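Colleague: The structure follows.
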Amino acid sequence: MQRPAWWIALCYTGGLLAGRYLPIPLETAAFGLLFSVLFVLKGLRTPGRSYALVVPVTLSVFGAGVLWYIVQVRVVPETDIRRHADGPERIIVEGRIDRDPDVRDGHTIVTFTADSARYISSASNALVRGRVQVRIRAGLSTGAYGDRAQATGWLLRPSSARNPGGFDALAFYESQGIHVLMSIQDSMSYRVLERGGLRFCFILRLSCLLETTSSIR
């Protein structure tokens with residue numbers, strides 16, 4: 001093989017695409033990668049047969065790409081806000097507004113980093129982590145960057161493309177670090193809890209920049 005770096009990059013990219021578009025279970029990807037690595041190790045211990053490593057190394061790199069995508073995208077931690085999306089009832093979410101509100105025709109888009117949430121029927125808050133984009137009807141007070149806000153409504157997960165070449169809302173929002181969506185139509189469902197200071201705004205901008213950068217796939 002004349003250009004192993006190019007071949008490795010191609011195999012890894014192929015694994016990422018397979019993890020995204022094929023319904024490969026996590027267990028299958030993990031065991032496949034394990035067996036491929038074992039074959040590589042066995043081949044390394046066999047002198048004079050380096051050509052036999054091409055296939056297991058290729059499968060190992062491909063499997064690493066598949067497993068990485070599954071773990072990063074499909075496996076959701078216990079505290080991830082996405083676990084509460086498409087739930088059985090309305091939910092109360094609190095967090096800090098981490099972007100300047102985007103005023104549009106008929107509504108305003110507010111994005112905040114959630115840190116606590118609870119269902120309407122629950123008395124205690126649960127620790128959550130993730131970014132929520134709230135669509136608020138025009139005329140309602142939205143707050144400003146750095147403010148702490150509370151939103152009550154239905155959390156929805158963006159849907160992926162249903163047809164080849166169609167708009168992939170899930171990939172679009174994930175690329176912006178947004179995990180769930182909510183729509184607010186009345187003033188009782190959204191309120192600003194406290195105002196944020198300049199020092200906090202600077203820290204929040206830095207943390208959101210780092211999180212958005214790490215979420216780009």
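Each chain of the structure tokens is named A, B, ... in the order shown, its residues numbered from 1; ligands are numbered from 1 in display order.
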Extract the full set of helix (DSSP H, G or I) residues from region 5-194 of chain A according to DSSP on the backbone, and format it as a compact mmCIF listing (two decimals) with N, CA and C atoms, in the first residue's frame.
Modeller:
# COMPACT_ATOMS: atom_id res chain seq x y z
N ALA A 5 -1.91 6.54 4.83
CA ALA A 5 -2.68 7.59 5.51
C ALA A 5 -3.98 7.88 4.79
N TRP A 6 -3.92 7.96 3.45
CA TRP A 6 -5.13 8.19 2.67
C TRP A 6 -6.11 7.02 2.83
N TRP A 7 -5.57 5.83 2.84
CA TRP A 7 -6.43 4.64 2.97
C TRP A 7 -7.10 4.60 4.34
N ILE A 8 -6.35 4.93 5.38
CA ILE A 8 -6.92 4.94 6.73
C ILE A 8 -8.00 6.01 6.83
N ALA A 9 -7.76 7.20 6.29
CA ALA A 9 -8.76 8.26 6.32
C ALA A 9 -10.03 7.87 5.58
N LEU A 10 -9.84 7.19 4.43
CA LEU A 10 -10.99 6.76 3.64
C LEU A 10 -11.81 5.71 4.39
N CYS A 11 -11.13 4.75 5.01
CA CYS A 11 -11.83 3.69 5.75
C CYS A 11 -12.57 4.27 6.96
N TYR A 12 -11.92 5.20 7.65
CA TYR A 12 -12.54 5.81 8.84
C TYR A 12 -13.77 6.63 8.44
N THR A 13 -13.65 7.39 7.35
CA THR A 13 -14.78 8.17 6.86
C THR A 13 -15.92 7.25 6.44
N GLY A 14 -15.58 6.14 5.80
CA GLY A 14 -16.60 5.17 5.43
C GLY A 14 -17.31 4.61 6.65
N GLY A 15 -16.57 4.39 7.73
CA GLY A 15 -17.19 3.92 8.97
C GLY A 15 -18.13 4.95 9.56
N LEU A 16 -17.74 6.24 9.52
CA LEU A 16 -18.63 7.30 10.02
C LEU A 16 -19.94 7.35 9.23
N LEU A 17 -19.83 7.24 7.92
CA LEU A 17 -21.03 7.28 7.08
C LEU A 17 -21.90 6.05 7.32
N ALA A 18 -21.27 4.89 7.51
CA ALA A 18 -22.03 3.68 7.78
C ALA A 18 -22.76 3.80 9.12
N GLY A 19 -22.09 4.37 10.12
CA GLY A 19 -22.73 4.56 11.42
C GLY A 19 -23.90 5.51 11.36
N ARG A 20 -23.83 6.46 10.44
CA ARG A 20 -24.91 7.43 10.34
C ARG A 20 -26.11 6.92 9.55
N TYR A 21 -25.86 6.22 8.45
CA TYR A 21 -26.95 5.86 7.55
C TYR A 21 -27.42 4.42 7.68
N LEU A 26 -25.11 -1.07 18.51
CA LEU A 26 -23.88 -0.77 19.22
C LEU A 26 -23.09 -2.03 19.51
N GLU A 27 -23.78 -3.10 19.93
CA GLU A 27 -23.08 -4.34 20.27
C GLU A 27 -22.39 -4.93 19.06
N THR A 28 -23.04 -4.89 17.89
CA THR A 28 -22.44 -5.42 16.67
C THR A 28 -21.19 -4.65 16.30
N ALA A 29 -21.24 -3.33 16.39
CA ALA A 29 -20.07 -2.51 16.07
C ALA A 29 -18.93 -2.78 17.04
N ALA A 30 -19.25 -2.92 18.33
CA ALA A 30 -18.21 -3.15 19.33
C ALA A 30 -17.53 -4.50 19.15
N PHE A 31 -18.33 -5.56 18.96
CA PHE A 31 -17.75 -6.90 18.77
C PHE A 31 -17.00 -7.00 17.45
N GLY A 32 -17.50 -6.36 16.41
CA GLY A 32 -16.79 -6.37 15.14
C GLY A 32 -15.43 -5.71 15.23
N LEU A 33 -15.37 -4.59 15.93
CA LEU A 33 -14.08 -3.91 16.11
C LEU A 33 -13.14 -4.75 16.96
N LEU A 34 -13.68 -5.40 17.99
CA LEU A 34 -12.85 -6.24 18.86
C LEU A 34 -12.22 -7.39 18.09
N PHE A 35 -13.02 -8.10 17.30
CA PHE A 35 -12.49 -9.23 16.53
C PHE A 35 -11.48 -8.78 15.48
N SER A 36 -11.71 -7.63 14.87
CA SER A 36 -10.77 -7.11 13.88
C SER A 36 -9.43 -6.79 14.52
N VAL A 37 -9.47 -6.18 15.69
CA VAL A 37 -8.23 -5.86 16.40
C VAL A 37 -7.49 -7.13 16.81
N LEU A 38 -8.24 -8.15 17.23
CA LEU A 38 -7.60 -9.42 17.60
C LEU A 38 -6.91 -10.06 16.40
N PHE A 39 -7.52 -9.99 15.24
CA PHE A 39 -6.89 -10.52 14.02
C PHE A 39 -5.63 -9.73 13.68
N VAL A 40 -5.66 -8.42 13.89
CA VAL A 40 -4.47 -7.60 13.64
C VAL A 40 -3.34 -8.01 14.57
N LEU A 41 -3.67 -8.18 15.85
CA LEU A 41 -2.64 -8.58 16.82
C LEU A 41 -2.08 -9.96 16.49
N LYS A 42 -2.94 -10.85 16.05
CA LYS A 42 -2.48 -12.19 15.67
C LYS A 42 -1.56 -12.11 14.45
N GLY A 43 -1.91 -11.25 13.48
CA GLY A 43 -1.08 -11.10 12.30
C GLY A 43 0.27 -10.50 12.60
N LEU A 44 0.32 -9.60 13.58
CA LEU A 44 1.60 -8.99 13.96
C LEU A 44 2.55 -10.00 14.58
N SER A 50 2.90 -9.80 6.41
CA SER A 50 2.36 -8.46 6.59
C SER A 50 1.21 -8.17 5.63
N TYR A 51 1.23 -8.82 4.44
CA TYR A 51 0.15 -8.59 3.48
C TYR A 51 -1.19 -9.04 4.02
N ALA A 52 -1.17 -10.00 4.93
CA ALA A 52 -2.41 -10.53 5.49
C ALA A 52 -3.07 -9.55 6.46
N LEU A 53 -2.36 -8.48 6.82
CA LEU A 53 -2.91 -7.51 7.76
C LEU A 53 -3.79 -6.48 7.08
N VAL A 54 -3.77 -6.43 5.76
CA VAL A 54 -4.50 -5.38 5.06
C VAL A 54 -6.00 -5.44 5.37
N VAL A 55 -6.58 -6.61 5.28
CA VAL A 55 -8.02 -6.75 5.50
C VAL A 55 -8.40 -6.47 6.96
N PRO A 56 -7.76 -7.11 7.95
CA PRO A 56 -8.15 -6.81 9.34
C PRO A 56 -7.88 -5.37 9.75
N VAL A 57 -6.80 -4.75 9.25
CA VAL A 57 -6.54 -3.34 9.58
C VAL A 57 -7.63 -2.46 8.97
N THR A 58 -8.00 -2.76 7.73
CA THR A 58 -9.08 -2.01 7.08
C THR A 58 -10.38 -2.12 7.87
N LEU A 59 -10.72 -3.33 8.28
CA LEU A 59 -11.95 -3.54 9.06
C LEU A 59 -11.87 -2.86 10.42
N SER A 60 -10.67 -2.84 11.01
CA SER A 60 -10.49 -2.19 12.32
C SER A 60 -10.73 -0.70 12.22
N VAL A 61 -10.13 -0.06 11.22
CA VAL A 61 -10.31 1.39 11.05
C VAL A 61 -11.76 1.72 10.70
N PHE A 62 -12.35 0.92 9.83
CA PHE A 62 -13.76 1.10 9.47
C PHE A 62 -14.65 0.94 10.70
N GLY A 63 -14.39 -0.12 11.48
CA GLY A 63 -15.19 -0.35 12.68
C GLY A 63 -15.02 0.74 13.71
N ALA A 64 -13.80 1.32 13.80
CA ALA A 64 -13.57 2.42 14.73
C ALA A 64 -14.44 3.62 14.36
N GLY A 65 -14.56 3.89 13.07
CA GLY A 65 -15.42 4.99 12.63
C GLY A 65 -16.88 4.75 12.95
N VAL A 66 -17.34 3.53 12.72
CA VAL A 66 -18.73 3.19 13.03
C VAL A 66 -19.00 3.34 14.53
N LEU A 67 -18.12 2.77 15.34
CA LEU A 67 -18.33 2.79 16.79
C LEU A 67 -18.27 4.21 17.33
N TRP A 68 -17.34 5.02 16.83
CA TRP A 68 -17.24 6.40 17.31
C TRP A 68 -18.53 7.16 17.04
N TYR A 69 -19.09 7.00 15.84
CA TYR A 69 -20.31 7.73 15.50
C TYR A 69 -21.47 7.27 16.39
N ILE A 70 -21.59 5.97 16.58
CA ILE A 70 -22.69 5.45 17.40
C ILE A 70 -22.61 5.97 18.82
N VAL A 71 -21.41 5.94 19.40
CA VAL A 71 -21.24 6.38 20.79
C VAL A 71 -21.48 7.88 20.92
N GLN A 72 -20.98 8.65 19.96
CA GLN A 72 -21.10 10.10 20.04
C GLN A 72 -22.50 10.60 19.76
N VAL A 73 -23.25 9.94 18.89
CA VAL A 73 -24.54 10.45 18.45
C VAL A 73 -25.72 9.68 19.02
N ARG A 74 -25.64 8.35 18.99
CA ARG A 74 -26.81 7.55 19.39
C ARG A 74 -26.88 7.30 20.89
N ILE A 81 -30.43 16.32 27.82
CA ILE A 81 -31.77 16.87 27.66
C ILE A 81 -32.57 16.10 26.62
N ARG A 82 -31.89 15.42 25.70
CA ARG A 82 -32.59 14.67 24.66
C ARG A 82 -33.41 13.50 25.22
N ARG A 83 -33.08 13.05 26.42
CA ARG A 83 -33.85 11.96 27.04
C ARG A 83 -35.27 12.40 27.38
N HIS A 84 -35.48 13.71 27.48
CA HIS A 84 -36.80 14.22 27.84
C HIS A 84 -37.59 14.68 26.61
N ALA A 169 -33.11 17.91 9.38
CA ALA A 169 -33.19 18.87 10.49
C ALA A 169 -32.32 18.44 11.66
N LEU A 170 -32.24 17.14 11.91
CA LEU A 170 -31.43 16.64 13.02
C LEU A 170 -29.97 17.01 12.83
N ALA A 171 -29.43 16.74 11.64
CA ALA A 171 -28.03 17.08 11.38
C ALA A 171 -27.80 18.58 11.41
N PHE A 172 -28.78 19.36 10.93
CA PHE A 172 -28.65 20.81 10.91
C PHE A 172 -28.55 21.37 12.32
N TYR A 173 -29.46 20.97 13.19
CA TYR A 173 -29.44 21.49 14.55
C TYR A 173 -28.27 20.95 15.36
N GLU A 174 -27.92 19.68 15.15
CA GLU A 174 -26.78 19.11 15.86
C GLU A 174 -25.49 19.85 15.50
N SER A 175 -25.37 20.28 14.24
CA SER A 175 -24.17 21.02 13.84
C SER A 175 -24.07 22.37 14.55
N SER A 187 -47.49 34.05 27.51
CA SER A 187 -46.55 34.62 28.48
C SER A 187 -46.41 33.77 29.74
N MET A 188 -47.38 32.91 30.03
CA MET A 188 -47.32 32.07 31.22
C MET A 188 -46.32 30.93 31.07
N SER A 189 -45.92 30.63 29.85
CA SER A 189 -45.03 29.49 29.60
C SER A 189 -43.56 29.89 29.49
Colleague: With a distance cut-off of 12 Å and only C-alpha atoms, select the neighbouring residues of Ile184 (chain A), excluding the residue or stretch itself and same-chain residues fewer than 5 positions from it, and output the selection as a compact mmCIF listing (two decimals) with C-alpha atoms, in the first residue's frame.
Modeller:
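The resulting file, selection19.txt, is shown below:
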# COMPACT_ATOMS: atom_id res chain seq x y z
CA ARG A 90 -45.12 19.17 29.20
CA ILE A 92 -40.35 22.91 32.70
CA HIS A 107 -41.57 35.16 16.49
CA THR A 108 -38.23 35.27 18.29
CA ILE A 109 -35.71 32.44 18.54
CA VAL A 110 -34.07 32.05 21.95
CA GLN A 133 -33.95 26.34 21.05
CA VAL A 134 -37.24 28.03 21.98
CA ARG A 135 -39.52 29.65 19.41
CA ILE A 136 -41.42 32.45 21.19
CA ARG A 137 -44.41 34.27 19.78
CA ALA A 138 -43.83 37.91 18.90
CA GLY A 139 -44.74 40.39 21.61
CA LEU A 140 -43.51 38.27 24.53
CA SER A 141 -40.52 39.30 26.65
CA THR A 142 -37.58 37.02 25.82
CA GLN A 150 -37.59 29.20 32.34
CA ALA A 151 -39.64 27.66 29.53
CA THR A 152 -42.62 25.33 29.83
CA GLY A 153 -43.82 23.25 26.92
CA TRP A 154 -43.30 20.13 24.83
CA LEU A 155 -39.70 19.21 24.04
CA SER A 189 -45.03 29.49 29.60
CA TYR A 190 -41.87 31.61 29.48
CA ARG A 191 -40.25 33.96 31.95
Colleague: Could you list, as a list in words, every residue within 10 Å of Asp147 (chain A), counting only C-alpha atoms and ignoring same-chain residues fewer than 2 positions away?
Modeller: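 Result of the neighbour search: Gly95, Arg96, Ile97, Asp98, Phe112, Thr142, Gly143, Ala144, Tyr145, Ala149, Val192, Leu193, Glu194, Arg195, Gly196, Gly197, Phe200 and Cys201 of chain A.
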Colleague: Which residue, A:Glu78, A:Gly166, A:Ile91, A:Ser183, has the smallest gap to Ser124 (chain A) when you use only C-alpha atoms?
Modeller: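 Answer, going by the shortest atom-to-atom distance: A:Ile91.
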Colleague: Compare A:Val93, A:Val103, A:Leu127, A:Ile178 by their minimum atom-to-atom distance to Arg148 (chain A), counting only C-alpha atoms, and give me the closest one.
Modeller: A:Val93
Colleague: From a backbone DSSP assignment, name each residue in region 84-208 of chain A labelled strand (DSSP E or B), as a ChimeraX atom specification.
Modeller: /A:91-97,102-104,107-119,126-137,148-153,156,180-184,190-194
Colleague: By how many Å are CA of Asp80 (chain A) and CA of His179 (chain A) apart?
Modeller: 8.9 Å
